[in-house]
Amino acid sequence: MGSKAGRSFAPIGRILRWGMRGRSPRWWMGRLVRNLLIWVALAFALFPALFVLGTSFGPTQSLSAARMIPLNPTTANYYTLLTNTAFPYWLRNTILVAGSTSILSVFLCALGAYAFSRFRFTGRRPALLTMLLVQMFPQTLAMVAIYLLLFWLGGYIPWLGLNTHPGLILVYLGGAMGFNTWFMKGYFDTIPRSLEESAMVDGASPFQAFVRIVLPLARPILAVVFIIQFITLYSEYLLASVVLRGERMYTLAVGLHLFLGDQFRTRWGSFAAAAVLGAVLILVIFYALQNQIVSGLTRGGVKE
């Protein structure tokens, strides 16, 4: 009986000896510590998201009674949010402002980056350094100047003044051009010039070569700039709170801040539901563009 038991456990012993072969106790300890740190980081990252998700389906609006796993799940918080608040307007405004700014930023920065990457002209290097230098100063330092500028501009062009979405888009575009242009230029430098030269030999103009040859090859970096810009503006609060007035004009960050205010003990469930609905769009966009994002972030870092 003992010999049969010994034979049955022999393969397991051989597997363990094979796994330990050439592995020192220090190596195993390092691997254990790394795996432990990974699980701690995952728990640290997932706990807030799971807590907010559970709270959004909870039957209570109180912060003190919020639970990660609600005892009686309900969609009442979502119904209250969508019917008794201006949340649909806030979400629509945010998508409009962030989406329009991101699309315009991608287009304008692509034009600028292509010019800096392919053409040599007087003042090219100082212009690149100036854009990088300007990016060191955040827009929040110029909030008073931005407010006065939009106030003055609204007197001549009302739809670009204060409390307008085009005015806010104009402000956002001013802060997005420098870094994104630098970012795209590094990627355009990796695209061989011979492709454009071949197109020009066939009769294409420089702009046609840019649109039909360079832009399709630069889709990864365009996706990266779009998603970074969209996520940044999706949660931006300070400038939007200065420019916008009126409940139905607010973006999501401004509207939710004013909605919660000091009533977190009576509106916490609805606030959690709004956070979940607001995060869904970001997750969908990120999932749809994840392959392009990885390619754009890695290829632009090294010049071929």
# chains A, B, ... in the order shown; residues from 1 in each chain; ligands from 1
$ residues_around --residues "range 33-49 of chain A" --least-positions-apart "3" --cutoff "10 Å" --atoms "only C-alpha atoms" --output "list in words"
Trp27, Trp28, Met29, Gly30, Val52, Leu53, Gly54, Thr55, Met68, Ala272, Ala275, Val276 and Ala279 of chain A
$ residues_around --residues "Ala288 in chain A" --least-positions-apart "5" --cutoff "12 Å" --atoms "only C-alpha atoms" --output "list in words"
Ala223, Val224, Ile227, Leu281, Ile282, Leu283, Ile293 and Val294 of chain A
$ closest_residue --among "A:Trp268, A:Leu32, A:Thr251, A:Gln290" --to "Thr60 in chain A" --atoms "only C-alpha atoms"
A:Trp268
$ select_by_dssp --residues "range 45-269 of chain A" --states "helix (DSSP H, G or I)" --output "mmCIF file with C-alpha atoms, in the first residue's frame"
data_model
loop_
_atom_site.group_PDB
_atom_site.id
_atom_site.type_symbol
_atom_site.label_atom_id
_atom_site.label_comp_id
_atom_site.auth_asym_id
_atom_site.auth_seq_id
_atom_site.Cartn_x
_atom_site.Cartn_y
_atom_site.Cartn_z
ATOM 1 C CA ALA A 45 -7.623 50.403 -7.647
ATOM 2 C CA LEU A 46 -10.817 48.335 -7.779
ATOM 3 C CA PHE A 47 -12.222 49.023 -4.303
ATOM 4 C CA PRO A 48 -13.374 52.630 -4.994
ATOM 5 C CA ALA A 49 -14.936 51.624 -8.314
ATOM 6 C CA LEU A 50 -16.775 48.659 -6.787
ATOM 7 C CA PHE A 51 -17.894 50.786 -3.825
ATOM 8 C CA VAL A 52 -19.354 53.468 -6.127
ATOM 9 C CA LEU A 53 -21.014 50.813 -8.303
ATOM 10 C CA GLY A 54 -22.579 49.105 -5.290
ATOM 11 C CA THR A 55 -23.713 52.442 -3.841
ATOM 12 C CA SER A 56 -25.407 53.402 -7.113
ATOM 13 C CA ALA A 76 -34.159 54.034 -8.127
ATOM 14 C CA ASN A 77 -31.029 56.208 -8.019
ATOM 15 C CA TYR A 78 -30.671 56.040 -11.795
ATOM 16 C CA TYR A 79 -34.340 56.853 -12.316
ATOM 17 C CA THR A 80 -34.118 59.838 -9.959
ATOM 18 C CA LEU A 81 -30.971 61.064 -11.651
ATOM 19 C CA LEU A 82 -32.377 60.870 -15.178
ATOM 20 C CA THR A 83 -35.830 62.299 -14.433
ATOM 21 C CA ASN A 84 -35.418 64.799 -11.570
ATOM 22 C CA PHE A 87 -27.948 65.208 -15.744
ATOM 23 C CA PRO A 88 -28.888 64.436 -19.397
ATOM 24 C CA TYR A 89 -28.066 68.052 -20.315
ATOM 25 C CA TRP A 90 -24.766 67.917 -18.413
ATOM 26 C CA LEU A 91 -23.735 64.711 -20.152
ATOM 27 C CA ARG A 92 -24.758 66.048 -23.564
ATOM 28 C CA ASN A 93 -22.841 69.298 -22.998
ATOM 29 C CA THR A 94 -19.754 67.415 -21.872
ATOM 30 C CA ILE A 95 -19.782 65.140 -24.913
ATOM 31 C CA LEU A 96 -20.312 68.152 -27.182
ATOM 32 C CA VAL A 97 -17.530 70.265 -25.669
ATOM 33 C CA ALA A 98 -14.987 67.483 -25.090
ATOM 34 C CA GLY A 99 -15.700 65.768 -28.416
ATOM 35 C CA SER A 100 -15.585 68.966 -30.498
ATOM 36 C CA THR A 101 -12.407 70.164 -28.792
ATOM 37 C CA SER A 102 -10.717 66.787 -29.209
ATOM 38 C CA ILE A 103 -11.592 66.521 -32.904
ATOM 39 C CA LEU A 104 -10.481 70.089 -33.649
ATOM 40 C CA SER A 105 -7.339 69.596 -31.593
ATOM 41 C CA VAL A 106 -6.420 66.427 -33.496
ATOM 42 C CA PHE A 107 -6.950 68.143 -36.857
ATOM 43 C CA LEU A 108 -5.120 71.390 -36.061
ATOM 44 C CA CYS A 109 -2.269 69.699 -34.215
ATOM 45 C CA ALA A 110 -1.814 67.244 -37.092
ATOM 46 C CA LEU A 111 -1.416 70.159 -39.501
ATOM 47 C CA GLY A 112 1.072 71.894 -37.242
ATOM 48 C CA ALA A 113 3.026 68.748 -36.425
ATOM 49 C CA TYR A 114 3.292 67.813 -40.107
ATOM 50 C CA ALA A 115 4.639 71.264 -40.944
ATOM 51 C CA PHE A 116 7.253 71.105 -38.168
ATOM 52 C CA SER A 117 8.213 67.551 -39.103
ATOM 53 C CA ARG A 118 8.531 67.876 -42.883
ATOM 54 C CA ARG A 124 10.988 76.652 -36.800
ATOM 55 C CA ARG A 125 13.056 75.750 -33.749
ATOM 56 C CA PRO A 126 12.158 78.880 -31.707
ATOM 57 C CA ALA A 127 8.475 78.231 -32.437
ATOM 58 C CA LEU A 128 8.753 74.643 -31.156
ATOM 59 C CA LEU A 129 10.540 75.777 -27.995
ATOM 60 C CA THR A 130 8.017 78.584 -27.449
ATOM 61 C CA MET A 131 5.095 76.164 -27.631
ATOM 62 C CA LEU A 132 6.783 73.895 -25.117
ATOM 63 C CA LEU A 133 7.563 76.807 -22.823
ATOM 64 C CA VAL A 134 3.981 78.106 -22.908
ATOM 65 C CA GLN A 139 -4.482 77.831 -18.013
ATOM 66 C CA THR A 140 -5.757 78.282 -14.473
ATOM 67 C CA LEU A 141 -3.156 81.025 -13.985
ATOM 68 C CA ALA A 142 -4.919 83.043 -16.691
ATOM 69 C CA MET A 143 -8.518 82.533 -15.546
ATOM 70 C CA VAL A 144 -9.090 86.237 -14.942
ATOM 71 C CA ALA A 145 -7.643 87.133 -18.354
ATOM 72 C CA ILE A 146 -9.706 84.393 -20.026
ATOM 73 C CA TYR A 147 -12.867 85.674 -18.329
ATOM 74 C CA LEU A 148 -12.226 89.258 -19.463
ATOM 75 C CA LEU A 149 -11.294 88.127 -22.972
ATOM 76 C CA LEU A 150 -14.527 86.170 -23.396
ATOM 77 C CA PHE A 151 -16.503 89.049 -21.863
ATOM 78 C CA TRP A 152 -15.013 91.432 -24.437
ATOM 79 C CA LEU A 153 -15.375 88.938 -27.286
ATOM 80 C CA GLY A 154 -19.037 88.324 -26.404
ATOM 81 C CA GLY A 155 -19.781 91.996 -27.041
ATOM 82 C CA TYR A 156 -18.822 91.543 -30.713
ATOM 83 C CA PRO A 158 -22.200 86.761 -28.764
ATOM 84 C CA TRP A 159 -21.946 83.040 -29.530
ATOM 85 C CA LEU A 160 -18.232 83.073 -28.568
ATOM 86 C CA HIS A 165 -20.021 76.247 -25.385
ATOM 87 C CA PRO A 166 -18.099 77.567 -28.432
ATOM 88 C CA GLY A 167 -16.365 80.046 -26.107
ATOM 89 C CA LEU A 168 -15.351 77.222 -23.763
ATOM 90 C CA ILE A 169 -14.135 75.139 -26.729
ATOM 91 C CA LEU A 170 -12.017 78.092 -27.864
ATOM 92 C CA VAL A 171 -10.427 78.312 -24.410
ATOM 93 C CA TYR A 172 -9.723 74.577 -24.319
ATOM 94 C CA LEU A 173 -8.150 74.637 -27.783
ATOM 95 C CA GLY A 174 -5.695 77.296 -26.658
ATOM 96 C CA GLY A 175 -4.329 74.994 -23.985
ATOM 97 C CA ALA A 176 -4.248 71.832 -26.086
ATOM 98 C CA MET A 177 -2.180 72.870 -29.087
ATOM 99 C CA GLY A 178 1.364 72.961 -27.745
ATOM 100 C CA PHE A 179 1.904 69.559 -26.157
ATOM 101 C CA ASN A 180 -0.200 67.680 -28.697
ATOM 102 C CA THR A 181 1.731 69.245 -31.582
ATOM 103 C CA TRP A 182 5.012 68.138 -30.035
ATOM 104 C CA PHE A 183 3.553 64.690 -29.411
ATOM 105 C CA MET A 184 2.402 64.238 -33.002
ATOM 106 C CA LYS A 185 5.625 65.618 -34.470
ATOM 107 C CA GLY A 186 7.612 62.826 -32.835
ATOM 108 C CA TYR A 187 5.349 60.273 -34.480
ATOM 109 C CA PHE A 188 5.403 61.929 -37.909
ATOM 110 C CA ARG A 193 9.463 60.566 -46.376
ATOM 111 C CA SER A 194 9.804 58.262 -49.380
ATOM 112 C CA LEU A 195 6.091 57.451 -49.210
ATOM 113 C CA GLU A 196 5.125 61.096 -49.696
ATOM 114 C CA GLU A 197 7.782 61.598 -52.351
ATOM 115 C CA SER A 198 6.366 58.675 -54.318
ATOM 116 C CA ALA A 199 2.898 60.202 -54.127
ATOM 117 C CA MET A 200 4.204 63.568 -55.302
ATOM 118 C CA VAL A 201 5.965 61.925 -58.232
ATOM 119 C CA PRO A 206 1.839 68.117 -50.443
ATOM 120 C CA PHE A 207 -1.610 68.460 -48.857
ATOM 121 C CA GLN A 208 -2.947 65.440 -50.774
ATOM 122 C CA ALA A 209 0.073 63.412 -49.672
ATOM 123 C CA PHE A 210 -0.603 64.498 -46.096
ATOM 124 C CA VAL A 211 -4.292 63.547 -46.209
ATOM 125 C CA ARG A 212 -4.031 60.311 -48.216
ATOM 126 C CA ILE A 213 -0.650 58.950 -47.131
ATOM 127 C CA VAL A 214 0.420 60.367 -43.768
ATOM 128 C CA LEU A 215 -2.872 60.585 -41.904
ATOM 129 C CA PRO A 216 -3.885 56.925 -42.505
ATOM 130 C CA LEU A 217 -0.455 55.832 -41.259
ATOM 131 C CA ARG A 219 -4.044 56.768 -36.978
ATOM 132 C CA PRO A 220 -2.489 55.433 -33.730
ATOM 133 C CA ILE A 221 -1.151 58.826 -32.648
ATOM 134 C CA LEU A 222 -4.391 60.525 -33.695
ATOM 135 C CA ALA A 223 -6.296 58.093 -31.460
ATOM 136 C CA VAL A 224 -3.898 58.719 -28.570
ATOM 137 C CA VAL A 225 -4.244 62.490 -28.789
ATOM 138 C CA PHE A 226 -8.025 62.216 -29.099
ATOM 139 C CA ILE A 227 -8.487 59.974 -26.069
ATOM 140 C CA ILE A 228 -6.048 61.935 -23.886
ATOM 141 C CA GLN A 229 -7.703 65.219 -24.785
ATOM 142 C CA PHE A 230 -11.215 63.811 -24.369
ATOM 143 C CA ILE A 231 -10.526 62.310 -20.935
ATOM 144 C CA THR A 232 -8.804 65.494 -19.750
ATOM 145 C CA LEU A 233 -11.714 67.722 -20.766
ATOM 146 C CA TYR A 234 -14.352 65.224 -19.690
ATOM 147 C CA LEU A 238 -12.166 75.035 -13.032
ATOM 148 C CA LEU A 239 -12.363 76.727 -16.432
ATOM 149 C CA ALA A 240 -15.861 75.385 -17.140
ATOM 150 C CA SER A 241 -17.126 76.771 -13.815
ATOM 151 C CA VAL A 242 -15.743 80.219 -14.716
ATOM 152 C CA VAL A 243 -17.124 80.358 -18.260
ATOM 153 C CA GLU A 247 -28.001 74.793 -14.971
ATOM 154 C CA ARG A 248 -28.596 73.459 -18.475
ATOM 155 C CA MET A 249 -25.325 74.892 -19.765
ATOM 156 C CA LEU A 252 -20.778 67.083 -16.151
ATOM 157 C CA ALA A 253 -18.080 68.044 -13.643
ATOM 158 C CA VAL A 254 -19.627 71.432 -12.851
ATOM 159 C CA GLY A 255 -23.172 70.089 -12.705
ATOM 160 C CA LEU A 256 -22.315 67.190 -10.396
ATOM 161 C CA HIS A 257 -20.299 69.440 -8.101
ATOM 162 C CA LEU A 258 -23.211 71.817 -7.673
ATOM 163 C CA PHE A 259 -25.696 68.929 -7.485
ATOM 164 C CA LEU A 260 -23.870 67.263 -4.603
ATOM 165 C CA TRP A 268 -24.959 60.200 -2.403
ATOM 166 C CA GLY A 269 -26.780 57.368 -4.191
#
$ closest_residue --among "A:Thr122, A:Ser270, A:Thr190, A:Thr75" --to "Gln61 in chain A" --atoms "only C-alpha atoms"
A:Ser270
$ atom_distance --atom1 "CA of Leu71 in chain A" --atom2 "CA of Gly58 in chain A"
7.5 Å
$ atom_distance --atom1 "CA of Thr74 in chain A" --atom2 "CA of Val284 in chain A"
24.0 Å
$ atom_distance --atom1 "CA of Asn163 in chain A" --atom2 "CA of Arg245 in chain A"
5.3 Å
